[in-house]
>>> print(open('query-v4.pdb').read())   # PDB, C-alpha atoms
ATOM      1  CA  LEU Y  29      -1.283   6.891  11.911
ATOM      2  CA  LEU Y  30      -4.014   7.822   9.448
ATOM      3  CA  ALA Y  31      -6.762   7.131  11.994
ATOM      4  CA  CYS Y  32      -4.974   9.229  14.614
ATOM      5  CA  ALA Y  33      -4.579  12.137  12.204
ATOM      6  CA  LEU Y  34      -8.213  12.005  11.110
ATOM      7  CA  ALA Y  35      -9.398  11.834  14.731
ATOM      8  CA  ILE Y  36      -7.761  15.145  15.710
ATOM      9  CA  PRO Y  37     -10.658  17.325  14.438
ATOM     10  CA  LEU Y  38     -13.103  15.060  16.296
ATOM     11  CA  ALA Y  39     -11.225  15.647  19.541
ATOM     12  CA  ALA Y  40     -11.259  19.404  18.909
ATOM     13  CA  ALA Y  41     -14.966  19.500  18.020
ATOM     14  CA  PRO Y  42     -16.359  20.314  21.524
ATOM     15  CA  ALA Y  43     -14.122  23.367  21.892
ATOM     16  CA  ALA Y  44     -14.883  24.451  18.329
ATOM     17  CA  ALA Y  45     -18.649  24.206  18.909
ATOM     18  CA  ARG Y  46     -18.380  26.540  21.884
ATOM     19  CA  ARG Y  47     -16.426  29.144  19.918
ATOM     20  CA  HIS Y  48     -18.105  29.174  16.499
ATOM     21  CA  PRO Y  49     -21.760  28.617  15.469
ATOM     22  CA  LEU Y  50     -20.820  26.899  12.187
ATOM     23  CA  ALA Y  51     -18.504  24.336  13.775
ATOM     24  CA  PRO Y  52     -21.284  21.716  14.170
ATOM     25  CA  ALA Y  53     -22.047  21.946  10.437
ATOM     26  CA  ALA Y  54     -18.374  21.420   9.566
ATOM     27  CA  LEU Y  55     -18.253  18.531  12.025
ATOM     28  CA  GLY Y  56     -21.306  16.911  10.438
ATOM     29  CA  ALA Y  57     -19.772  17.090   6.968
ATOM     30  CA  TYR Y  58     -16.465  15.754   8.249
ATOM     31  CA  VAL Y  59     -18.062  12.827  10.090
ATOM     32  CA  ALA Y  60     -20.213  12.002   7.045
ATOM     33  CA  PHE Y  61     -17.077  11.793   4.934
ATOM     34  CA  LEU Y  62     -15.271   9.570   7.437
ATOM     35  CA  LEU Y  63     -18.182   7.155   7.706
ATOM     36  CA  HIS Y  64     -18.764   6.959   3.968
ATOM     37  CA  ALA Y  65     -15.057   6.673   3.147
ATOM     38  CA  GLY Y  66     -14.923   3.643   5.407
ATOM     39  CA  ILE Y  67     -17.311   1.695   3.172
ATOM     40  CA  ASP Y  68     -16.867   3.165  -0.304
ATOM     41  CA  TRP Y  69     -14.175   4.458  -2.621
ATOM     42  CA  ASP Y  70     -15.183   8.137  -2.789
ATOM     43  CA  TRP Y  71     -12.079   9.048  -0.769
ATOM     44  CA  GLU Y  72     -10.182   8.490  -4.026
ATOM     45  CA  MET Y  73     -11.878  11.571  -5.537
ATOM     46  CA  SER Y  74      -9.668  14.515  -4.672
ATOM     47  CA  SER Y  75     -12.493  17.083  -4.679
ATOM     48  CA  VAL Y  76     -14.474  15.115  -2.078
ATOM     49  CA  THR Y  77     -11.452  14.423   0.123
ATOM     50  CA  LEU Y  78     -10.171  18.002  -0.026
ATOM     51  CA  ALA Y  79     -13.611  19.349   0.899
ATOM     52  CA  ALA Y  80     -13.745  17.017   3.887
ATOM     53  CA  LEU Y  81     -10.236  17.938   4.987
ATOM     54  CA  ALA Y  82     -11.145  21.612   4.686
ATOM     55  CA  CYS Y  83     -14.001  20.956   7.126
ATOM     56  CA  GLY Y  84     -11.563  19.240   9.483
ATOM     57  CA  VAL Y  85      -9.155  22.184   9.296
ATOM     58  CA  ALA Y  86     -12.042  24.599   9.925
ATOM     59  CA  ILE Y  87     -12.897  22.673  13.100
ATOM     60  CA  LEU Y  88      -9.285  22.911  14.274
ATOM     61  CA  LEU Y  89      -9.105  26.648  13.541
ATOM     62  CA  ALA Y  90     -12.377  27.269  15.389
ATOM     63  CA  ALA Y  91     -11.130  25.288  18.381
ATOM     64  CA  ARG Y  92      -7.882  27.248  18.623
ATOM     65  CA  GLY Y  93      -9.383  30.567  19.614
ATOM     66  CA  SER Y  94      -7.475  33.802  19.865
ATOM     67  CA  GLU Y  95      -5.935  32.880  23.219
ATOM     68  CA  THR Y  96      -4.061  29.837  21.885
ATOM     69  CA  PRO Y  97      -0.312  30.479  22.245
ATOM     70  CA  PRO Y  98       1.815  30.023  19.110
ATOM     71  CA  LEU Y  99       4.059  27.000  18.789
ATOM     72  CA  GLY Y 100       7.643  27.381  19.894
ATOM     73  CA  ARG Y 101      10.656  26.851  17.659
ATOM     74  CA  ALA Y 102      11.322  23.349  18.965
ATOM     75  CA  ALA Y 103       7.738  22.212  18.325
ATOM     76  CA  ARG Y 104       7.807  23.723  14.845
ATOM     77  CA  ALA Y 105      11.115  22.020  14.058
ATOM     78  CA  VAL Y 106       9.702  18.666  15.165
ATOM     79  CA  GLY Y 107       6.588  19.248  13.061
ATOM     80  CA  VAL Y 108       8.611  20.150   9.988
ATOM     81  CA  GLY Y 109      10.845  17.115  10.490
ATOM     82  CA  LEU Y 110       7.869  14.772  10.763
ATOM     83  CA  ALA Y 111       6.217  16.316   7.714
ATOM     84  CA  ALA Y 112       9.426  15.977   5.694
ATOM     85  CA  SER Y 113       9.783  12.331   6.738
ATOM     86  CA  LEU Y 114       6.212  11.586   5.711
ATOM     87  CA  CYS Y 115       6.809  13.316   2.359
ATOM     88  CA  VAL Y 116       9.863  11.144   1.724
ATOM     89  CA  VAL Y 117       7.891   7.977   2.499
ATOM     90  CA  ALA Y 118       5.007   9.142   0.317
ATOM     91  CA  VAL Y 119       7.301   9.922  -2.631
ATOM     92  CA  ALA Y 120       9.055   6.568  -2.269
ATOM     93  CA  GLY Y 121       5.720   4.780  -2.192
ATOM     94  CA  PHE Y 122       4.464   6.664  -5.238
ATOM     95  CA  VAL Y 123       7.566   6.013  -7.328
ATOM     96  CA  GLY Y 124       7.678   2.387  -6.206
ATOM     97  CA  ASN Y 125       4.010   1.789  -7.005
ATOM     98  CA  GLN Y 126       4.428   3.421 -10.403
ATOM     99  CA  ALA Y 127       7.389   1.166 -11.141
ATOM    100  CA  GLU Y 128       5.366  -1.870 -10.060
ATOM    101  CA  ALA Y 129       2.522  -0.884 -12.372
ATOM    102  CA  THR Y 130       4.796  -0.423 -15.371
ATOM    103  CA  ALA Y 131       6.562  -3.709 -14.601
ATOM    104  CA  SER Y 132       3.218  -5.498 -14.472
ATOM    105  CA  ASP Y 133       2.127  -3.921 -17.771
ATOM    106  CA  ALA Y 134       5.404  -4.883 -19.443
ATOM    107  CA  LEU Y 135       5.095  -8.425 -18.107
ATOM    108  CA  ASP Y 136       1.567  -8.715 -19.520
ATOM    109  CA  VAL Y 137       2.908  -8.104 -23.039
ATOM    110  CA  SER Y 138       6.076 -10.187 -22.458
ATOM    111  CA  HIS Y 139       8.494  -7.258 -22.574
ATOM    112  CA  LEU Y 140      10.751  -9.059 -20.141
ATOM    113  CA  GLY Y 141      13.680  -6.643 -20.233
ATOM    114  CA  ALA Y 142      11.506  -3.660 -19.369
ATOM    115  CA  ALA Y 143       9.584  -5.650 -16.776
ATOM    116  CA  SER Y 144      12.793  -6.733 -15.066
ATOM    117  CA  ALA Y 145      14.212  -3.201 -15.030
ATOM    118  CA  ASP Y 146      11.006  -1.729 -13.611
ATOM    119  CA  ALA Y 147      10.737  -4.472 -10.972
ATOM    120  CA  ARG Y 148      14.295  -3.750  -9.850
ATOM    121  CA  ARG Y 149      13.515  -0.030  -9.710
ATOM    122  CA  ALA Y 150      10.436  -0.754  -7.592
ATOM    123  CA  ARG Y 151      12.592  -2.898  -5.320
ATOM    124  CA  ARG Y 152      14.971   0.021  -4.730
ATOM    125  CA  TRP Y 153      12.148   2.403  -3.851
ATOM    126  CA  GLU Y 154      10.133  -0.080  -1.795
ATOM    127  CA  PRO Y 155      12.639  -2.218   0.115
ATOM    128  CA  TRP Y 156       9.918  -3.161   2.604
ATOM    129  CA  SER Y 157       7.579  -4.693   0.021
ATOM    130  CA  GLY Y 158       7.486  -8.193  -1.406
ATOM    131  CA  ASP Y 159       5.659  -7.158  -4.592
ATOM    132  CA  PRO Y 160       8.782  -6.072  -6.526
ATOM    133  CA  TRP Y 161      10.355  -9.450  -5.785
ATOM    134  CA  ARG Y 162       7.199 -11.189  -7.021
ATOM    135  CA  LEU Y 163       7.230  -9.224 -10.283
ATOM    136  CA  LEU Y 164      10.947  -9.836 -10.765
ATOM    137  CA  GLY Y 165      10.452 -13.542 -10.092
ATOM    138  CA  GLU Y 166       7.570 -13.782 -12.540
ATOM    139  CA  THR Y 167       9.758 -12.121 -15.181
ATOM    140  CA  GLN Y 168      12.560 -14.580 -14.494
ATOM    141  CA  LEU Y 169      10.153 -17.512 -14.540
ATOM    142  CA  GLU Y 170       8.767 -16.467 -17.918
ATOM    143  CA  ALA Y 171      12.330 -16.190 -19.210
ATOM    144  CA  GLY Y 172      13.003 -19.776 -18.108
ATOM    145  CA  ARG Y 173      15.322 -18.828 -15.229
ATOM    146  CA  VAL Y 174      13.549 -21.032 -12.717
ATOM    147  CA  THR Y 175      16.272 -21.032 -10.054
ATOM    148  CA  ASP Y 176      16.527 -17.235 -10.076
ATOM    149  CA  ALA Y 177      12.743 -16.972  -9.947
ATOM    150  CA  ARG Y 178      12.544 -19.282  -6.957
ATOM    151  CA  THR Y 179      15.152 -17.180  -5.148
ATOM    152  CA  SER Y 180      13.194 -13.991  -5.876
ATOM    153  CA  PHE Y 181       9.947 -15.500  -4.603
ATOM    154  CA  LEU Y 182      11.622 -16.657  -1.399
ATOM    155  CA  ARG Y 183      13.099 -13.201  -0.824
ATOM    156  CA  GLY Y 184       9.682 -11.672  -1.409
ATOM    157  CA  LEU Y 185       8.163 -14.032   1.154
ATOM    158  CA  ARG Y 186      10.728 -12.852   3.687
ATOM    159  CA  LYS Y 187       9.171  -9.417   3.256
ATOM    160  CA  ASP Y 188       5.567 -10.632   3.324
ATOM    161  CA  ASP Y 189       4.764 -14.271   4.012
ATOM    162  CA  ALA Y 190       1.012 -13.521   3.873
ATOM    163  CA  ASP Y 191       1.073 -12.812   0.129
ATOM    164  CA  TRP Y 192      -0.789 -15.724  -1.471
ATOM    165  CA  GLU Y 193       0.454 -14.779  -4.955
ATOM    166  CA  LEU Y 194       4.065 -15.194  -3.858
ATOM    167  CA  TRP Y 195       3.276 -18.652  -2.483
ATOM    168  CA  LEU Y 196       1.502 -19.556  -5.715
ATOM    169  CA  ASP Y 197       4.454 -18.366  -7.788
ATOM    170  CA  LEU Y 198       6.835 -20.278  -5.538
ATOM    171  CA  ALA Y 199       4.808 -23.424  -6.232
ATOM    172  CA  LEU Y 200       5.278 -22.865  -9.964
ATOM    173  CA  ALA Y 201       9.044 -22.596  -9.476
ATOM    174  CA  SER Y 202       9.349 -25.575  -7.118
ATOM    175  CA  ARG Y 203       8.893 -29.313  -7.050
ATOM    176  CA  GLY Y 204       8.040 -32.055  -4.610
ATOM    177  CA  ALA Y 205       7.353 -31.275  -0.980
ATOM    178  CA  GLU Y 206       8.219 -27.585  -1.365
ATOM    179  CA  ARG Y 207       5.665 -27.244  -4.159
ATOM    180  CA  GLN Y 208       2.963 -28.934  -2.072
ATOM    181  CA  HIS Y 209       3.769 -26.741   0.922
ATOM    182  CA  ALA Y 210       3.580 -23.584  -1.216
ATOM    183  CA  LEU Y 211       0.245 -24.676  -2.696
ATOM    184  CA  ALA Y 212      -1.113 -25.386   0.777
ATOM    185  CA  ARG Y 213      -0.062 -21.938   2.012
ATOM    186  CA  ALA Y 214      -1.591 -20.251  -1.033
ATOM    187  CA  GLY Y 215      -4.798 -22.213  -0.503
ATOM    188  CA  ALA Y 216      -4.965 -21.259   3.156
ATOM    189  CA  LEU Y 217      -4.528 -17.569   2.323
ATOM    190  CA  ASN Y 218      -6.891 -17.509  -0.667
ATOM    191  CA  PRO Y 219      -9.009 -20.673  -0.901
ATOM    192  CA  LEU Y 220     -11.191 -19.207  -3.690
ATOM    193  CA  SER Y 221      -8.308 -18.595  -6.097
ATOM    194  CA  THR Y 222      -9.149 -19.791  -9.611
ATOM    195  CA  GLU Y 223      -5.421 -19.873 -10.449
ATOM    196  CA  LEU Y 224      -4.809 -22.232  -7.542
ATOM    197  CA  ARG Y 225      -7.588 -24.551  -8.687
ATOM    198  CA  ALA Y 226      -6.142 -24.535 -12.214
ATOM    199  CA  ILE Y 227      -2.675 -25.483 -10.989
ATOM    200  CA  ARG Y 228      -4.017 -28.231  -8.788
ATOM    201  CA  GLY Y 229      -6.145 -29.512 -11.650
ATOM    202  CA  SER Y 230      -3.215 -29.591 -14.054
ATOM    203  CA  GLY Y 231      -1.011 -31.263 -11.428
TER
END
>>> encode(input="query-v4.pdb", output="structure tokens")
Amino acid sequence: LLACALAIPLAAAPAAARRHPLAPAALGAYVAFLLHAGIDWDWEMSSVTLAALACGVAILLAARGSETPPLGRAARAVGVGLAASLCVVAVAGFVGNQAEATASDALDVSHLGAASADARRARRWEPWSGDPWRLLGETQLEAGRVTDARTSFLRGLRKDDADWELWLDLALASRGAERQHALARAGALNPLSTELRAIRGSG
């Protein structure tokens, strides 16, 4: 979805270049941002990203021309509905990520009650993610509730069975063949993990 949205100004660039002499300059800046953002983290700086998006919008406005008919009511309603849906998802992701971060911080200092509450809040806001289940399980494991922790890790793996940390945590909460299977899955997903080597060494 992100790639499709960012490609729209590129598709409009030929028409924009025919209508406005500065469109190629805006296109060059926009393409430079896209290429550099693909290999570095400067997209995280709001001033850089907003400047690039302004160039993309300028390309779209130049491509429209004065003869472009306005959108009808149905098209506008669909656009507003899609934008509102994306806003809801974005807000849910932001609140969920914030709850995950606070749960992780609380877990680092062994504030297990706060960590558990924040992990459960993250779980409500991000029902698609396995990370809240991992944080909740780690809190339960540190509290000595091994069975509850194992259940949380398994539920997290149902959300994302490619999360090597969940497999590693499941190994800590399991024994026998299940433990060996979890360690093997963690090793296959992240063979360079120092935590995995430590667990195998202690075992």
>>> residues_near_point(input="query-v4.pdb", point="(-19.2, 19.7, 11.9)", cutoff="10 Å", atoms="all atoms listed in the file", output="JSON, numbers by chain")
{"Y": [37, 38, 41, 44, 45, 49, 50, 51, 52, 53, 54, 55, 56, 57, 58, 59, 60, 83, 84, 86, 87]}
>>> resolve_selection(input="query-v4.pdb", expression="the PyMOL selection byres ((chain Y and resi 185-189) around 9)", output="JSON, numbers by chain")
{"Y": [155, 156, 157, 158, 159, 161, 162, 180, 181, 182, 183, 184, 190, 191, 192, 194, 195]}
>>> resolve_selection(input="query-v4.pdb", expression="the PyMOL selection byres ((chain Y and resi 166) around 10)", output="JSON, numbers by chain")
{"Y": [132, 135, 140, 143, 144, 147, 160, 161, 162, 163, 164, 165, 167, 168, 169, 170, 171, 172, 173, 174, 176, 177, 178, 180, 181, 194, 197, 198, 200, 201]}
>>> atom_distance(input="query-v4.pdb", atom1="atom CA of Y:Glu206", atom2="atom CA of Y:Ala129")
29.4 Å
>>> atom_distance(input="query-v4.pdb", atom1="atom CA of Y:Leu224", atom2="atom CA of Y:Ala205")
16.5 Å
>>> atom_distance(input="query-v4.pdb", atom1="atom CA of Y:Ala210", atom2="atom CA of Y:Glu128")
23.5 Å
>>> closest_residue(input="query-v4.pdb", among="Y:Asp136, Y:Arg152, Y:Arg228, Y:Arg47", to="Y:Ala91", atoms="only C-alpha atoms")
Y:Arg47
